[in-house]
file upload04.cif (mmCIF, C-alpha atoms)
data_run
#
loop_
_atom_site.label_atom_id
_atom_site.label_comp_id
_atom_site.auth_asym_id
_atom_site.auth_seq_id
_atom_site.Cartn_x
_atom_site.Cartn_y
_atom_site.Cartn_z
CA MET L 1 25.65 49.52 92.90
CA TYR L 2 27.55 51.14 90.08
CA SER L 3 28.07 47.91 88.18
CA ARG L 4 24.34 47.16 87.97
CA ILE L 5 23.60 50.51 86.40
CA VAL L 6 26.17 49.88 83.69
CA LYS L 7 24.70 46.49 82.78
CA ARG L 8 21.24 47.87 82.39
CA GLY L 9 22.52 50.57 80.11
CA VAL L 10 24.15 48.06 77.84
CA ILE L 11 20.99 46.00 77.53
CA VAL L 12 18.89 49.00 76.65
CA GLY L 13 21.35 50.03 73.99
CA VAL L 14 21.22 46.66 72.27
CA ALA L 15 17.43 46.72 72.11
CA VAL L 16 17.46 50.06 70.39
CA VAL L 17 19.87 48.86 67.70
CA VAL L 18 17.69 45.85 66.82
CA ALA L 19 14.57 47.94 66.45
CA SER L 20 16.38 50.36 64.17
CA SER L 21 17.54 47.51 61.91
CA SER L 22 13.96 46.18 61.56
CA ILE L 23 12.64 49.57 60.55
CA ALA L 24 15.30 49.95 57.88
CA SER L 25 14.44 46.61 56.19
CA ALA L 26 10.74 47.50 55.82
CA ALA L 27 11.43 50.83 54.13
CA PRO L 28 9.49 51.52 50.83
CA PRO L 29 11.28 51.01 47.45
CA GLU L 30 13.18 53.83 45.97
CA PRO L 31 11.36 56.13 43.54
CA GLY L 32 11.49 54.96 39.85
CA SER L 33 11.64 51.18 40.54
CA PRO L 34 8.98 48.96 38.74
CA PRO L 35 5.94 47.88 40.79
CA ALA L 36 5.57 44.28 41.90
CA GLN L 37 3.74 41.94 39.39
CA ASN L 38 2.08 38.49 39.57
CA VAL L 39 3.74 35.79 37.45
CA ILE L 40 1.77 32.65 36.35
CA VAL L 41 4.19 29.77 36.27
CA ALA L 42 1.81 27.00 35.05
CA ASN L 43 -1.47 27.17 33.06
CA GLY L 44 -4.48 25.46 34.57
CA PRO L 45 -7.48 23.95 32.71
CA ASP L 46 -9.18 27.35 32.69
CA LYS L 47 -6.16 28.92 30.94
CA PRO L 48 -5.10 26.46 28.21
CA VAL L 49 -1.95 27.07 26.25
CA PRO L 50 -2.84 28.06 22.62
CA VAL L 51 -1.77 25.48 20.02
CA SER L 52 -1.15 26.29 16.35
CA ALA L 53 -3.53 24.50 13.95
CA ALA L 54 -0.92 24.22 11.19
CA GLN L 55 1.41 21.24 11.45
CA SER L 56 3.92 20.07 8.88
CA GLY L 57 5.71 16.78 8.70
CA ALA L 58 4.61 13.31 9.78
CA TRP L 59 2.77 12.55 13.00
CA THR L 60 3.65 9.48 15.04
CA VAL L 61 1.01 8.08 17.38
CA GLY L 62 1.91 5.39 19.85
CA LEU L 63 -0.76 2.97 21.15
CA THR L 64 -0.35 0.69 24.12
CA GLY L 65 -2.37 -2.51 23.84
CA THR L 66 -5.11 -3.22 21.27
CA PRO L 67 -7.89 -0.61 21.07
CA THR L 68 -11.49 -1.78 20.74
CA VAL L 69 -13.75 0.09 18.30
CA ASN L 70 -17.52 -0.39 18.41
CA VAL L 71 -19.53 0.58 15.31
CA GLY L 72 -23.14 1.37 16.07
CA ASN L 73 -24.50 1.12 12.53
CA PHE L 74 -23.35 0.04 9.10
CA PRO L 75 -24.30 1.53 5.69
CA GLN L 76 -26.70 -0.52 3.63
CA ALA L 77 -25.19 -2.54 0.84
CA ALA L 78 -25.52 -0.75 -2.47
CA ALA L 79 -27.52 -2.40 -5.23
CA THR L 80 -25.49 -4.26 -7.84
CA PRO L 81 -24.85 -1.93 -10.79
CA LEU L 82 -26.31 -3.22 -14.03
CA TRP L 83 -22.94 -3.36 -15.74
CA GLN L 84 -21.81 -5.80 -13.02
CA GLY L 85 -24.84 -8.04 -13.48
CA THR L 86 -24.95 -11.27 -15.46
CA PRO L 87 -25.58 -10.67 -19.18
CA TYR L 88 -28.84 -12.12 -20.45
CA VAL L 89 -29.51 -12.95 -24.11
CA SER L 90 -32.45 -15.05 -25.27
CA SER L 91 -33.93 -15.50 -28.77
CA ARG L 92 -36.94 -17.30 -30.14
CA VAL L 93 -37.65 -18.09 -33.79
CA ILE L 94 -41.27 -18.66 -34.78
CA ILE L 95 -42.20 -19.85 -38.27
CA ARG L 96 -45.44 -20.25 -40.22
CA VAL L 97 -47.58 -18.03 -38.00
CA SER L 98 -51.13 -17.82 -39.34
CA SER L 99 -52.89 -15.87 -36.53
CA PHE L 100 -51.23 -15.28 -33.13
CA ARG L 101 -48.53 -17.44 -31.56
CA CYS L 102 -46.16 -17.18 -28.56
CA GLU L 103 -43.00 -19.07 -27.63
CA ASP L 104 -41.25 -18.93 -24.25
CA LEU L 105 -37.89 -17.21 -23.85
CA THR L 106 -35.35 -18.18 -21.16
CA PRO L 107 -37.08 -17.53 -17.80
CA VAL L 108 -35.63 -15.24 -15.15
CA PRO L 109 -34.00 -17.35 -12.38
CA ALA L 110 -35.61 -17.29 -8.94
CA GLY L 111 -34.22 -14.58 -6.66
CA GLN L 112 -33.10 -12.46 -9.61
CA VAL L 113 -34.48 -9.61 -11.69
CA LEU L 114 -33.92 -9.12 -15.41
CA PHE L 115 -33.34 -5.55 -16.53
CA VAL L 116 -34.54 -5.62 -20.13
CA ARG L 117 -32.23 -3.33 -22.03
CA THR L 118 -33.07 -4.01 -25.69
CA VAL L 119 -35.62 -6.05 -27.62
CA VAL L 120 -34.86 -6.72 -31.30
CA THR L 121 -37.40 -8.11 -33.78
CA ASP L 122 -37.20 -9.23 -37.39
CA PHE L 123 -39.94 -10.95 -39.39
CA ASN L 124 -41.01 -11.65 -42.98
CA VAL L 125 -44.53 -11.90 -44.42
CA PRO L 126 -45.75 -12.65 -47.92
CA PRO L 127 -46.31 -9.55 -50.06
CA GLY L 128 -49.58 -7.78 -49.35
CA ASN L 129 -49.86 -9.16 -45.78
CA ALA L 130 -49.27 -7.52 -42.41
CA GLY L 131 -47.70 -8.71 -39.16
CA SER L 132 -46.98 -7.63 -35.58
CA ALA L 133 -44.43 -8.47 -32.88
CA VAL L 134 -45.16 -8.56 -29.15
CA LEU L 135 -43.12 -9.23 -25.98
CA GLN L 136 -45.07 -10.84 -23.15
CA PHE L 137 -43.60 -10.46 -19.62
CA THR L 138 -44.32 -9.67 -15.97
CA PRO L 139 -42.72 -6.47 -14.61
CA LEU L 140 -41.32 -6.39 -11.08
CA GLY L 141 -44.21 -5.99 -8.66
CA GLY L 142 -46.80 -5.89 -11.46
CA THR L 143 -49.03 -8.08 -13.58
CA GLN L 144 -48.49 -9.68 -16.99
CA LEU L 145 -48.14 -7.26 -19.90
CA PHE L 146 -48.04 -7.41 -23.70
CA LEU L 147 -45.58 -4.90 -25.16
CA ASP L 148 -45.98 -4.05 -28.86
CA LEU L 149 -42.62 -3.90 -30.61
CA PRO L 150 -42.30 -1.16 -33.25
CA VAL L 151 -41.03 -2.22 -36.68
CA GLN L 152 -40.27 -0.59 -40.01
CA ARG L 153 -40.33 -2.05 -43.47
CA SER L 154 -36.89 -2.77 -44.92
CA ALA L 155 -35.49 -4.40 -48.08
CA PRO L 156 -37.40 -7.49 -49.27
CA ALA L 157 -36.19 -10.87 -47.99
CA THR L 158 -35.67 -13.87 -50.26
CA GLN L 159 -37.27 -17.09 -49.09
CA VAL L 160 -37.93 -20.42 -50.75
CA ALA L 161 -41.36 -19.25 -51.78
CA GLY L 162 -39.94 -16.07 -53.29
CA LEU L 163 -39.60 -12.48 -52.11
CA TYR L 164 -41.20 -11.58 -48.78
CA ASP L 165 -41.81 -8.20 -47.20
CA ARG L 166 -39.34 -7.72 -44.33
CA TYR L 167 -39.91 -5.74 -41.12
CA GLN L 168 -37.29 -4.91 -38.47
CA GLY L 169 -37.22 -2.91 -35.26
CA ALA L 170 -35.62 -2.41 -31.85
CA LEU L 171 -36.94 -1.10 -28.54
CA GLU L 172 -35.26 -0.24 -25.22
CA PRO L 173 -37.91 -0.75 -22.51
CA GLY L 174 -35.51 -0.23 -19.61
CA MET L 175 -37.67 -2.07 -17.08
CA PRO L 176 -37.15 -4.83 -14.48
CA VAL L 177 -38.79 -8.17 -15.21
CA THR L 178 -39.38 -11.30 -13.14
CA GLY L 179 -40.60 -14.78 -14.01
CA GLY L 180 -41.15 -15.79 -17.61
CA LEU L 181 -41.00 -13.97 -20.94
CA SER L 182 -42.53 -14.90 -24.28
CA ALA L 183 -41.95 -13.84 -27.89
CA CYS L 184 -45.20 -13.44 -29.82
CA PHE L 185 -46.13 -12.79 -33.45
CA GLY L 186 -49.46 -12.05 -35.04
CA GLY L 187 -50.57 -11.77 -38.65
CA GLY L 188 -49.90 -13.94 -41.58
CA PRO L 189 -50.46 -16.13 -43.30
CA ASP L 190 -47.04 -17.79 -43.30
CA LEU L 191 -45.23 -15.19 -41.12
CA ASN L 192 -41.67 -16.10 -40.06
CA GLY L 193 -39.98 -14.08 -37.31
CA LYS L 194 -37.42 -13.81 -34.54
CA ILE L 195 -37.40 -11.85 -31.28
CA THR L 196 -34.26 -11.37 -29.18
CA VAL L 197 -34.11 -9.94 -25.64
CA LEU L 198 -30.87 -8.52 -24.21
CA GLY L 199 -30.33 -7.35 -20.64
CA PHE L 200 -28.69 -7.97 -17.24
CA LEU L 201 -29.61 -10.25 -14.35
CA VAL L 202 -29.18 -8.73 -10.88
CA PRO L 203 -30.19 -9.95 -7.39
CA ALA L 204 -33.80 -9.25 -6.48
CA PRO L 205 -34.25 -6.35 -4.00
#
call {"tool": "encode", "arguments": {"input": "upload04.cif", "output": "structure tokens"}}
result
Amino acid sequence: MYSRIVKRGVIVGVAVVVASSSIASAAPPEPGSPPAQNVIVANGPDKPVPVSAAQSGAWTVGLTGTPTVNVGNFPQAAATPLWQGTPYVSSRVIIRVSSFRCEDLTPVPAGQVLFVRTVVTDFNVPPGNAGSAVLQFTPLGGTQLFLDLPVQRSAPATQVAGLYDRYQGALEPGMPVTGGLSACFGGGPDLNGKITVLGFLVPAP
């Protein structure tokens, strides 16, 4: 009977010790210690890591395989600049004009446009007579035109028949021409002249 009482006392004592140890471990922190804080170990998509925009040195990009690039549209080809076109020079001499006469210049090739840069004229008429110079052509997208070429009287010219009154002039029309061109003179009698056209040939638009 006595031995049973002793055993129960020992068991009760052990239970009390365990409970006391559990209470001690859950005690609040001592005054003055920092409070507990949350620490983010990894940034998710909603919290990206800031990256500096400035970067010095060379960048190396490695590609695996051959990338395919699709271009949706391409810029239109620029028109050929005039200074890269084919130079055009054509002259026509007309002699013994008594009224009005035209002679063909070198025609503009098919599929091309002639940009007429300069037209030069030079003609002689007997003293006391008048004369005129005209360029006949068809502008791009238009109808046939006759362009009067301005001239001024210069020093007299010596011909077989004697001294002739000489007229010279130059004009820069700066216009595109297609098809044929003609050099024309009017006046007389016995007018002798020359008309020269200079420009560039470029592909037709």
call {"tool": "closest_residue", "arguments": {"input": "upload04.cif", "among": "L:Gln84, L:Ser182, L:Thr143, L:Thr196", "to": "Glu103 of chain L", "atoms": "all atoms listed in the file"}}
result
L:Ser182
call {"tool": "atom_distance", "arguments": {"input": "upload04.cif", "atom1": "atom CA of Ile94 of chain L", "atom2": "atom CA of Ala110 of chain L"}}
result
26.5 Å
call {"tool": "atom_distance", "arguments": {"input": "upload04.cif", "atom1": "atom CA of Gly111 of chain L", "atom2": "atom CA of Leu198 of chain L"}}
result
18.9 Å
call {"tool": "atom_distance", "arguments": {"input": "upload04.cif", "atom1": "atom CA of Tyr164 of chain L", "atom2": "atom CA of Phe100 of chain L"}}
result
19.0 Å
call {"tool": "residues_near_point", "arguments": {"input": "upload04.cif", "point": "(-49.0, -16.3, -48.2)", "cutoff": "10 Å", "atoms": "all atoms listed in the file", "output": "list of chain:residue names"}}
result
L:Arg96, L:Ser98, L:Val125, L:Pro126, L:Pro127, L:Gly128, L:Asn129, L:Ala161, L:Tyr164, L:Gly188, L:Pro189, L:Asp190, L:Leu191
call {"tool": "write_last_selection", "arguments": {"input": "upload04.cif", "atoms": "C-alpha atoms", "output": "compact mmCIF listing (two decimals), in the coordinates of the input"}}
result
# COMPACT_ATOMS: atom_id res chain seq x y z
CA ARG L 96 -45.44 -20.25 -40.22
CA SER L 98 -51.13 -17.82 -39.34
CA VAL L 125 -44.53 -11.90 -44.42
CA PRO L 126 -45.75 -12.65 -47.92
CA PRO L 127 -46.31 -9.55 -50.06
CA GLY L 128 -49.58 -7.78 -49.35
CA ASN L 129 -49.86 -9.16 -45.78
CA ALA L 161 -41.36 -19.25 -51.78
CA TYR L 164 -41.20 -11.58 -48.78
CA GLY L 188 -49.90 -13.94 -41.58
CA PRO L 189 -50.46 -16.13 -43.30
CA ASP L 190 -47.04 -17.79 -43.30
CA LEU L 191 -45.23 -15.19 -41.12
call {"tool": "residues_around", "arguments": {"input": "upload04.cif", "residues": "Arg101 of chain L", "least_positions_apart": "2", "cutoff": "7 Å", "atoms": "all atoms listed in the file", "output": "JSON list (two decimals) with C-alpha atoms, keeping the file's coordinate frame"}}
result
[["chain", "number", "residue", "atom", "x", "y", "z"],
["L", 97, "VAL", "CA", -47.58, -18.03, -38.00],
["L", 99, "SER", "CA", -52.89, -15.87, -36.53],
["L", 103, "GLU", "CA", -43.00, -19.07, -27.63],
["L", 184, "CYS", "CA", -45.20, -13.44, -29.82],
["L", 185, "PHE", "CA", -46.13, -12.79, -33.45],
["L", 186, "GLY", "CA", -49.46, -12.05, -35.04]]
call {"tool": "resolve_selection", "arguments": {"input": "upload04.cif", "expression": "the PyMOL selection byres ((chain L and resi 167-175) around 12)", "output": "tab-separated table (two decimals) with C-alpha atoms, keeping the file's coordinate frame"}}
result
chain	number	residue	atom	x	y	z
L	82	LEU	CA	-26.31	-3.22	-14.03
L	113	VAL	CA	-34.48	-9.61	-11.69
L	114	LEU	CA	-33.92	-9.12	-15.41
L	115	PHE	CA	-33.34	-5.55	-16.53
L	116	VAL	CA	-34.54	-5.62	-20.13
L	117	ARG	CA	-32.23	-3.33	-22.03
L	118	THR	CA	-33.07	-4.01	-25.69
L	119	VAL	CA	-35.62	-6.05	-27.62
L	120	VAL	CA	-34.86	-6.72	-31.30
L	121	THR	CA	-37.40	-8.11	-33.78
L	122	ASP	CA	-37.20	-9.23	-37.39
L	123	PHE	CA	-39.94	-10.95	-39.39
L	124	ASN	CA	-41.01	-11.65	-42.98
L	125	VAL	CA	-44.53	-11.90	-44.42
L	126	PRO	CA	-45.75	-12.65	-47.92
L	127	PRO	CA	-46.31	-9.55	-50.06
L	129	ASN	CA	-49.86	-9.16	-45.78
L	130	ALA	CA	-49.27	-7.52	-42.41
L	131	GLY	CA	-47.70	-8.71	-39.16
L	132	SER	CA	-46.98	-7.63	-35.58
L	133	ALA	CA	-44.43	-8.47	-32.88
L	134	VAL	CA	-45.16	-8.56	-29.15
L	135	LEU	CA	-43.12	-9.23	-25.98
L	137	PHE	CA	-43.60	-10.46	-19.62
L	138	THR	CA	-44.32	-9.67	-15.97
L	139	PRO	CA	-42.72	-6.47	-14.61
L	140	LEU	CA	-41.32	-6.39	-11.08
L	141	GLY	CA	-44.21	-5.99	-8.66
L	142	GLY	CA	-46.80	-5.89	-11.46
L	147	LEU	CA	-45.58	-4.90	-25.16
L	148	ASP	CA	-45.98	-4.05	-28.86
L	149	LEU	CA	-42.62	-3.90	-30.61
L	150	PRO	CA	-42.30	-1.16	-33.25
L	151	VAL	CA	-41.03	-2.22	-36.68
L	152	GLN	CA	-40.27	-0.59	-40.01
L	153	ARG	CA	-40.33	-2.05	-43.47
L	154	SER	CA	-36.89	-2.77	-44.92
L	155	ALA	CA	-35.49	-4.40	-48.08
L	156	PRO	CA	-37.40	-7.49	-49.27
L	157	ALA	CA	-36.19	-10.87	-47.99
L	164	TYR	CA	-41.20	-11.58	-48.78
L	165	ASP	CA	-41.81	-8.20	-47.20
L	166	ARG	CA	-39.34	-7.72	-44.33
L	176	PRO	CA	-37.15	-4.83	-14.48
L	177	VAL	CA	-38.79	-8.17	-15.21
L	178	THR	CA	-39.38	-11.30	-13.14
L	191	LEU	CA	-45.23	-15.19	-41.12
L	192	ASN	CA	-41.67	-16.10	-40.06
L	193	GLY	CA	-39.98	-14.08	-37.31
L	194	LYS	CA	-37.42	-13.81	-34.54
L	195	ILE	CA	-37.40	-11.85	-31.28
L	196	THR	CA	-34.26	-11.37	-29.18
L	197	VAL	CA	-34.11	-9.94	-25.64
L	198	LEU	CA	-30.87	-8.52	-24.21
L	199	GLY	CA	-30.33	-7.35	-20.64
L	200	PHE	CA	-28.69	-7.97	-17.24
L	201	LEU	CA	-29.61	-10.25	-14.35
call {"tool": "closest_residue", "arguments": {"input": "upload04.cif", "among": "L:Gly85, L:Arg92, L:Thr68, L:Gly179", "to": "Pro107 of chain L", "atoms": "all atoms listed in the file"}}
result
L:Gly179
call {"tool": "residues_around", "arguments": {"input": "upload04.cif", "residues": "Gln112 of chain L", "least_positions_apart": "5", "cutoff": "7 Å", "atoms": "all atoms listed in the file", "output": "count of residues only"}}
result
4
call {"tool": "closest_residue", "arguments": {"input": "upload04.cif", "among": "L:Gly180, L:Gly162, L:Pro45, L:Gly187", "to": "Leu145 of chain L", "atoms": "only C-alpha atoms"}}
result
L:Gly180
call {"tool": "residues_around", "arguments": {"input": "upload04.cif", "residues": "Thr106 of chain L", "least_positions_apart": "6", "cutoff": "9 Å", "atoms": "only C-alpha atoms", "output": "MDAnalysis selection string"}}
result
chainID L and resid 88:91 180:182
